[in-house]
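Listing of upload-v7.cif, mmCIF, C-alpha atoms
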```
data_data
loop_
_atom_site.label_atom_id
_atom_site.label_comp_id
_atom_site.auth_asym_id
_atom_site.auth_seq_id
_atom_site.Cartn_x
_atom_site.Cartn_y
_atom_site.Cartn_z
CA MET A 1487 19.00 155.44 40.75
CA ASN A 1488 20.34 156.86 37.61
CA GLU A 1489 18.53 157.46 34.48
CA ARG A 1490 19.47 154.21 32.84
CA ASP A 1491 18.18 152.13 35.67
CA ARG A 1492 15.00 154.03 35.74
CA ARG A 1493 14.48 153.47 32.14
CA SER A 1494 15.30 149.90 32.45
CA SER A 1495 12.98 149.44 35.33
CA SER A 1496 10.37 151.36 33.56
CA ASN A 1497 10.73 149.26 30.47
CA HIS A 1498 10.66 146.11 32.52
CA ASN A 1499 7.54 147.04 34.21
CA GLN A 1500 5.95 148.28 31.04
CA ASN A 1501 6.50 145.04 28.79
CA PRO A 1502 5.36 141.91 30.69
CA GLN A 1503 3.39 140.76 27.68
CA GLY A 1504 6.48 140.79 25.52
CA ARG A 1505 8.34 138.56 27.86
CA GLN A 1506 5.52 136.11 27.94
CA ASN A 1507 5.51 135.99 24.19
CA LEU A 1508 9.18 135.24 24.12
CA VAL A 1509 8.68 132.35 26.49
CA PHE A 1510 6.03 130.90 24.19
CA ILE A 1511 8.25 131.34 21.20
CA PHE A 1512 11.18 129.63 22.82
CA SER A 1513 8.96 126.82 24.07
CA GLY A 1514 7.60 126.34 20.56
CA ILE A 1515 11.06 126.27 19.10
CA ILE A 1516 12.14 123.67 21.63
CA LEU A 1517 9.04 121.59 20.94
CA VAL A 1518 9.51 121.78 17.19
CA THR A 1519 13.16 120.88 17.57
CA ALA A 1520 12.26 117.88 19.71
CA ILE A 1521 9.60 116.73 17.26
CA THR A 1522 11.98 117.18 14.35
CA ALA A 1523 14.66 115.21 16.12
CA SER A 1524 12.16 112.46 16.86
CA LEU A 1525 11.04 112.35 13.24
CA VAL A 1526 14.64 112.25 12.02
CA THR A 1527 15.46 109.46 14.46
CA PHE A 1528 12.36 107.52 13.39
CA ALA A 1529 13.23 108.02 9.71
CA LEU A 1530 16.77 106.81 10.28
CA LEU A 1531 15.51 103.75 12.10
CA LYS A 1532 13.11 102.92 9.30
CA GLN A 1533 15.85 103.47 6.74
CA ASP A 1534 18.16 101.08 8.58
CA GLU A 1535 15.38 98.56 8.87
CA LEU A 1536 14.60 98.83 5.16
CA PHE A 1537 18.23 98.47 4.13
CA GLY A 1538 18.62 95.57 6.53
CA ARG A 1539 15.77 93.79 4.80
CA ILE A 1540 17.16 94.47 1.35
CA ASN A 1541 20.73 93.44 2.18
CA ALA A 1542 19.80 90.47 4.27
CA THR A 1543 20.60 87.27 2.39
CA PRO A 1544 17.49 85.15 2.45
CA SER A 1545 18.04 81.83 4.06
CA PRO A 1546 17.60 79.13 1.48
CA THR A 1547 14.37 77.31 1.92
CA ALA A 1548 15.21 73.79 2.87
CA THR A 1549 13.99 71.41 0.22
CA PRO A 1550 12.16 68.70 2.04
CA THR A 1551 13.79 65.40 1.40
CA PRO A 1552 11.06 63.00 0.49
CA ALA A 1553 10.91 60.29 3.01
CA SER A 1554 11.72 57.08 1.28
CA ALA A 1555 8.84 54.73 1.52
CA ALA A 1556 9.84 51.72 3.46
CA SER A 1557 10.03 48.80 1.12
CA PRO A 1558 7.62 46.16 2.37
CA THR A 1559 9.32 43.07 3.63
CA PRO A 1560 8.42 40.35 1.15
CA THR A 1561 6.29 37.67 2.69
CA PRO A 1562 8.14 34.39 2.27
CA THR A 1563 6.31 31.99 0.04
CA PRO A 1564 5.32 29.03 2.21
CA THR A 1565 7.10 25.87 1.25
CA ALA A 1566 4.55 23.40 0.02
CA THR A 1567 4.45 20.42 2.32
CA GLU A 1568 4.62 17.27 0.33
CA SER A 1569 1.59 15.15 1.03
CA PRO A 1570 2.49 11.52 1.44
CA THR A 1571 1.49 9.51 -1.57
CA PRO A 1572 -1.35 7.31 -0.41
CA THR A 1573 -0.68 3.64 -0.78
CA PRO A 1574 -3.26 2.34 -3.21
CA THR A 1575 -5.60 -0.09 -1.60
CA PRO A 1576 -5.53 -3.28 -3.60
CA THR A 1577 -8.85 -4.12 -5.13
CA PRO A 1578 -10.06 -7.23 -3.39
CA THR A 1579 -10.49 -10.19 -5.62
CA LEU A 1580 -14.04 -11.31 -5.44
CA ALA A 1581 -14.19 -14.93 -4.48
CA PRO A 1582 -16.91 -16.97 -6.10
CA PRO A 1583 -19.87 -17.39 -3.79
CA SER A 1584 -19.79 -20.56 -1.77
CA SER A 1585 -22.56 -22.87 -2.75
CA ALA A 1586 -23.42 -26.47 -2.07
CA SER A 1587 -23.87 -26.93 -5.81
CA SER A 1588 -20.35 -25.68 -6.66
CA PRO A 1589 -18.65 -28.34 -8.73
CA ALA A 1590 -16.17 -30.49 -6.82
CA PRO A 1591 -12.79 -31.46 -8.28
CA ASP A 1592 -13.15 -34.10 -10.95
CA PRO A 1593 -12.90 -37.58 -9.44
CA GLY A 1594 -9.87 -39.51 -10.62
CA ASN A 1595 -9.87 -42.42 -13.05
CA THR A 1596 -8.01 -44.80 -10.70
CA MET A 1597 -8.06 -45.69 -7.03
CA GLY A 1598 -4.86 -43.75 -6.52
CA GLN A 1599 -6.47 -40.63 -8.01
CA ALA A 1600 -9.85 -41.04 -6.31
CA LEU A 1601 -11.60 -37.95 -4.91
CA ASN A 1602 -10.97 -38.23 -1.17
CA LEU A 1603 -14.08 -37.52 0.93
CA GLY A 1604 -12.20 -38.01 4.21
CA ILE A 1605 -13.81 -39.59 7.26
CA LEU A 1606 -17.48 -39.86 6.39
CA LYS A 1607 -19.95 -39.03 9.15
CA ASP A 1608 -22.55 -37.03 7.26
CA THR A 1609 -24.11 -36.73 3.79
CA ARG A 1610 -22.13 -35.59 0.73
CA THR A 1611 -23.61 -34.86 -2.71
CA TYR A 1612 -21.68 -34.56 -6.00
CA ASN A 1613 -22.57 -33.93 -9.66
CA ASP A 1614 -20.33 -35.18 -12.47
CA PHE A 1615 -20.08 -36.83 -15.89
CA VAL A 1616 -18.93 -40.16 -17.33
CA GLY A 1617 -18.67 -41.15 -20.99
CA SER A 1618 -16.29 -41.07 -23.91
CA VAL A 1619 -13.92 -38.44 -22.48
CA ASP A 1620 -14.13 -39.56 -18.83
CA VAL A 1621 -14.75 -43.28 -18.67
CA VAL A 1622 -14.74 -43.83 -14.92
CA ASP A 1623 -14.90 -41.86 -11.63
CA TYR A 1624 -13.54 -42.99 -8.26
CA TYR A 1625 -14.51 -41.67 -4.80
CA ARG A 1626 -12.76 -42.59 -1.58
CA PHE A 1627 -14.04 -42.34 2.00
CA GLN A 1628 -13.09 -43.67 5.42
CA LEU A 1629 -15.08 -44.96 8.39
CA ASP A 1630 -13.58 -44.73 11.86
CA THR A 1631 -16.34 -46.89 13.34
CA THR A 1632 -18.98 -49.35 12.11
CA SER A 1633 -21.58 -47.30 10.26
CA ASN A 1634 -24.66 -47.65 8.12
CA VAL A 1635 -23.62 -46.45 4.65
CA ALA A 1636 -26.08 -45.30 1.99
CA VAL A 1637 -25.09 -44.59 -1.63
CA ASN A 1638 -27.72 -43.20 -4.01
CA LEU A 1639 -27.07 -42.62 -7.72
CA SER A 1640 -29.28 -41.02 -10.34
CA SER A 1641 -28.35 -40.37 -13.98
CA LEU A 1642 -29.89 -39.42 -17.33
CA ASN A 1643 -28.82 -42.71 -18.87
CA ALA A 1644 -30.20 -46.11 -17.99
CA TYR A 1645 -26.80 -47.70 -18.47
CA THR A 1646 -24.81 -46.25 -15.57
CA HIS A 1647 -23.14 -48.50 -13.01
CA VAL A 1648 -22.11 -47.85 -9.40
CA GLU A 1649 -19.93 -50.14 -7.25
CA LEU A 1650 -18.90 -50.17 -3.59
CA ILE A 1651 -15.35 -51.50 -3.21
CA LEU A 1652 -13.09 -52.50 -0.32
CA ASP A 1653 -9.41 -52.71 -1.32
CA ARG A 1654 -8.53 -55.50 1.06
CA ASN A 1655 -4.91 -55.90 0.01
CA THR A 1656 -4.41 -52.13 -0.54
CA ASN A 1657 -2.77 -52.68 -3.93
CA GLY A 1658 -4.84 -49.98 -5.63
CA GLN A 1659 -6.50 -52.54 -7.88
CA VAL A 1660 -10.02 -53.98 -7.94
CA ASP A 1661 -9.44 -57.67 -7.31
CA ASN A 1662 -11.88 -60.55 -7.10
CA GLY A 1663 -14.01 -60.43 -4.01
CA GLU A 1664 -13.35 -56.72 -3.35
CA VAL A 1665 -16.58 -55.43 -4.94
CA LEU A 1666 -19.06 -55.38 -2.06
CA TYR A 1667 -22.00 -54.13 -4.10
CA GLN A 1668 -22.79 -53.60 -7.80
CA ASN A 1669 -26.10 -52.41 -9.24
CA ALA A 1670 -27.82 -53.75 -12.31
CA ARG A 1671 -28.36 -51.57 -15.36
CA SER A 1672 -30.49 -48.70 -14.18
CA SER A 1673 -30.78 -44.94 -14.17
CA SER A 1674 -30.79 -45.05 -10.37
CA ALA A 1675 -29.24 -47.20 -7.68
CA SER A 1676 -29.37 -47.33 -3.90
CA ILE A 1677 -26.93 -49.11 -1.62
CA GLY A 1678 -27.55 -49.44 2.08
CA GLN A 1679 -25.63 -51.71 4.41
CA PRO A 1680 -23.48 -51.56 7.55
CA LEU A 1681 -19.74 -51.40 7.03
CA GLY A 1682 -16.90 -51.73 9.51
CA ALA A 1683 -14.11 -49.22 10.04
CA GLY A 1684 -11.79 -48.97 7.05
CA THR A 1685 -11.17 -47.33 3.66
CA TYR A 1686 -13.74 -47.75 0.90
CA PHE A 1687 -14.11 -46.74 -2.75
CA ILE A 1688 -17.08 -45.97 -4.97
CA ARG A 1689 -16.72 -46.46 -8.73
CA VAL A 1690 -19.11 -44.95 -11.31
CA TYR A 1691 -18.89 -45.82 -15.01
CA PRO A 1692 -21.15 -46.10 -18.10
CA ASP A 1693 -22.15 -49.33 -19.77
CA SER A 1694 -19.86 -48.40 -22.69
CA ARG A 1695 -17.59 -45.56 -23.78
CA ASN A 1696 -20.26 -44.28 -26.12
CA GLU A 1697 -22.76 -43.79 -23.31
CA ASN A 1698 -22.32 -40.21 -22.13
CA THR A 1699 -24.29 -39.13 -19.11
CA THR A 1700 -24.30 -36.75 -16.18
CA TYR A 1701 -25.12 -38.10 -12.76
CA THR A 1702 -25.71 -37.15 -9.14
CA ILE A 1703 -24.33 -39.27 -6.34
CA GLU A 1704 -25.17 -38.97 -2.65
CA VAL A 1705 -23.07 -40.69 0.00
CA ALA A 1706 -24.04 -40.80 3.68
CA ALA A 1707 -22.73 -42.60 6.78
CA THR A 1708 -24.36 -42.92 10.18
CA PRO A 1709 -22.42 -44.65 13.00
CA VAL A 1710 -24.24 -47.76 14.27
CA GLY A 1711 -26.11 -47.05 17.48
CA THR A 1712 -26.71 -43.42 16.50
CA LYS A 1713 -30.37 -42.53 16.15
#
```
Would you give me this structure, written as structure tokens?
Amino acid sequence: MNERDRRSSSNHNQNPQGRQNLVFIFSGIILVTAITASLVTFALLKQDELFGRINATPSPTATPTPASAASPTPTPTPTATESPTPTPTPTPTLAPPSSASSPAPDPGNTMGQALNLGILKDTRTYNDFVGSVDVVDYYRFQLDTTSNVAVNLSSLNAYTHVELILDRNTNGQVDNGEVLYQNARSSSASIGQPLGAGTYFIRVYPDSRNENTTYTIEVAATPVGTK
């Protein structure tokens, strides 16, 4: 071993601490370099991120389109149903009350115009007037079988006459022998006798035209053999 090697070996053996220090120094340098590189990389990343945010065009915020309110469907106006016009109920005409005392049609002044009582089988009563404006009244009735006939007259005047007539020849005139009964002057008269089937007349008249009077006459017929 030459001198150089001995020195080198001697130096190597004499400075272990120096080598260790160098290792620490190099390790520190490497660590610092790595940290610095990491920091630089991090800074670059942040810079890119910042610039990306600045340069990025913001997306326009969509303006919400207001939803159009649905127009309500108009409710159709109901068509008015025409009510049928009610037919007016005619006001009933009040008929005069029926009464036995209701005045009968005025008896006629001739046989042809006599008030016809029809076939007489019951009692009929009439009220009337004779005098200056109505000189005489005639009544007509029929018998379909032999009957007992009663004629009763009452008046306010003592001079009223009543006659029972049978128009035998049917000429509409009072001829001789056709007056079956005639009362005397009196305010009342009563005729009662059986008569056969046929047509008969009753005549009522005042003693004179100047004698005005009201009267009531009752005529009844009962078939013979009827109790």
Straight-line distance linking atom CA of Ile1605 of chain A with atom CA of Thr1700 of chain A, stated in Å to one decimal = 25.8 Å
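The space between atom CA of Val1622 of chain A and atom CA of Arg1654 of chain A spans 20.7 Å.
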Could you write out as a PyMOL selection string the residues that the PyMOL selection byres ((chain A and resi 1620) around 10) matches in the shown file?
-> chain A and resi 1592-1595+1614-1619+1621-1623+1691-1692+1695+1698
Output of the above residues as a compact mmCIF listing (two decimals), in the coordinates of the input, restricted to C-alpha atoms:
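Result file follows (out38.txt):
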```txt
# COMPACT_ATOMS: atom_id res chain seq x y z
CA ASP A 1592 -13.15 -34.10 -10.95
CA PRO A 1593 -12.90 -37.58 -9.44
CA GLY A 1594 -9.87 -39.51 -10.62
CA ASN A 1595 -9.87 -42.42 -13.05
CA ASP A 1614 -20.33 -35.18 -12.47
CA PHE A 1615 -20.08 -36.83 -15.89
CA VAL A 1616 -18.93 -40.16 -17.33
CA GLY A 1617 -18.67 -41.15 -20.99
CA SER A 1618 -16.29 -41.07 -23.91
CA VAL A 1619 -13.92 -38.44 -22.48
CA VAL A 1621 -14.75 -43.28 -18.67
CA VAL A 1622 -14.74 -43.83 -14.92
CA ASP A 1623 -14.90 -41.86 -11.63
CA TYR A 1691 -18.89 -45.82 -15.01
CA PRO A 1692 -21.15 -46.10 -18.10
CA ARG A 1695 -17.59 -45.56 -23.78
CA ASN A 1698 -22.32 -40.21 -22.13
```
Non-local contacts of Ala1707 of chain A (6 Å; all atoms listed in the file; under 5 positions in same chain excluded) as a PyMOL selection string = chain A and resi 1606-1608+1633-1635
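Note that atom CA of Gly1663 of chain A and atom CA of Gly1604 of chain A are 23.9 Å apart.
Distances to Thr1596 of chain A were evaluated for A:Tyr1612, A:Tyr1624, A:Tyr1645, A:Phe1528 using only C-alpha atoms, and the minimum falls at A:Tyr1624.
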I need the residue set behind the PyMOL selection byres ((chain A and resi 1710) around 12) for this file; please write it as a CSV table (one decimal) with C-alpha atoms, in the coordinates of the input.
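Wrote it out as part07.csv, contents follow:
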```csv
chain,number,residue,atom,x,y,z
A,1607,LYS,CA,-20.0,-39.0,9.2
A,1629,LEU,CA,-15.1,-45.0,8.4
A,1630,ASP,CA,-13.6,-44.7,11.9
A,1631,THR,CA,-16.3,-46.9,13.3
A,1632,THR,CA,-19.0,-49.4,12.1
A,1633,SER,CA,-21.6,-47.3,10.3
A,1634,ASN,CA,-24.7,-47.6,8.1
A,1635,VAL,CA,-23.6,-46.4,4.6
A,1679,GLN,CA,-25.6,-51.7,4.4
A,1680,PRO,CA,-23.5,-51.6,7.6
A,1681,LEU,CA,-19.7,-51.4,7.0
A,1682,GLY,CA,-16.9,-51.7,9.5
A,1683,ALA,CA,-14.1,-49.2,10.0
A,1707,ALA,CA,-22.7,-42.6,6.8
A,1708,THR,CA,-24.4,-42.9,10.2
A,1709,PRO,CA,-22.4,-44.6,13.0
A,1711,GLY,CA,-26.1,-47.0,17.5
A,1712,THR,CA,-26.7,-43.4,16.5
A,1713,LYS,CA,-30.4,-42.5,16.2
```
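Distances to Ile1688 of chain A were evaluated for A:Thr1646, A:Ser1673, A:Asn1657, A:Arg1626 using all atoms listed in the file, and the minimum falls at A:Arg1626.
Evaluated against this file, the PyMOL selection byres ((chain A and resi 1650) around 9) yields A:Val1637, A:Val1648, A:Glu1649, A:Ile1651, A:Leu1652, A:Glu1664, A:Val1665, A:Leu1666, A:Tyr1667, A:Gln1668, A:Ile1677, A:Tyr1686, A:Phe1687, A:Ile1688, A:Arg1689.
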Nearest to His1647 of chain A, chosen from A:Leu1531, A:Leu1601, A:Ala1670, A:Val1518, with all atoms listed in the file counted in the distances | A:Ala1670
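If you measure from each of A:Leu1639, A:Ile1511, A:Ala1706, A:Ala1520 to Thr1609 of chain A using all atoms listed in the file, the closest one turns out to be A:Ala1706.
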Repaired coordinates for segment 1672-1685 of chain A (N, CA and C atoms) as a tab-separated table (two decimals), in the coordinates of the input:
```tsv
chain	number	residue	atom	x	y	z
A	1672	SER	N	-29.36	-49.51	-14.64
A	1672	SER	CA	-30.49	-48.70	-14.18
A	1672	SER	C	-30.07	-47.23	-14.18
A	1673	SER	N	-31.06	-46.37	-14.25
A	1673	SER	CA	-30.78	-44.94	-14.17
A	1673	SER	C	-30.67	-44.48	-12.73
A	1674	SER	N	-30.93	-45.39	-11.78
A	1674	SER	CA	-30.79	-45.05	-10.37
A	1674	SER	C	-30.38	-46.28	-9.60
A	1675	ALA	N	-29.69	-46.07	-8.51
A	1675	ALA	CA	-29.24	-47.20	-7.68
A	1675	ALA	C	-29.19	-46.74	-6.25
A	1676	SER	N	-29.41	-47.65	-5.32
A	1676	SER	CA	-29.37	-47.33	-3.90
A	1676	SER	C	-28.70	-48.47	-3.16
A	1677	ILE	N	-27.68	-48.12	-2.40
A	1677	ILE	CA	-26.93	-49.11	-1.62
A	1677	ILE	C	-27.08	-48.74	-0.15
A	1678	GLY	N	-27.45	-49.71	0.66
A	1678	GLY	CA	-27.55	-49.44	2.08
A	1678	GLY	C	-27.15	-50.67	2.87
A	1679	GLN	N	-26.07	-50.59	3.60
A	1679	GLN	CA	-25.63	-51.71	4.41
A	1679	GLN	C	-24.60	-51.23	5.44
A	1680	PRO	N	-24.48	-51.94	6.55
A	1680	PRO	CA	-23.48	-51.56	7.55
A	1680	PRO	C	-22.09	-51.99	7.10
A	1681	LEU	N	-21.13	-51.12	7.38
A	1681	LEU	CA	-19.74	-51.40	7.03
A	1681	LEU	C	-18.88	-51.12	8.25
A	1682	GLY	N	-17.81	-51.93	8.41
A	1682	GLY	CA	-16.90	-51.73	9.51
A	1682	GLY	C	-15.91	-50.61	9.22
A	1683	ALA	N	-15.12	-50.27	10.21
A	1683	ALA	CA	-14.11	-49.22	10.04
A	1683	ALA	C	-13.13	-49.63	8.96
A	1684	GLY	N	-12.73	-48.67	8.12
A	1684	GLY	CA	-11.79	-48.97	7.05
A	1684	GLY	C	-11.89	-47.93	5.95
A	1685	THR	N	-11.18	-48.23	4.81
A	1685	THR	CA	-11.17	-47.33	3.66
A	1685	THR	C	-11.95	-47.99	2.54
```
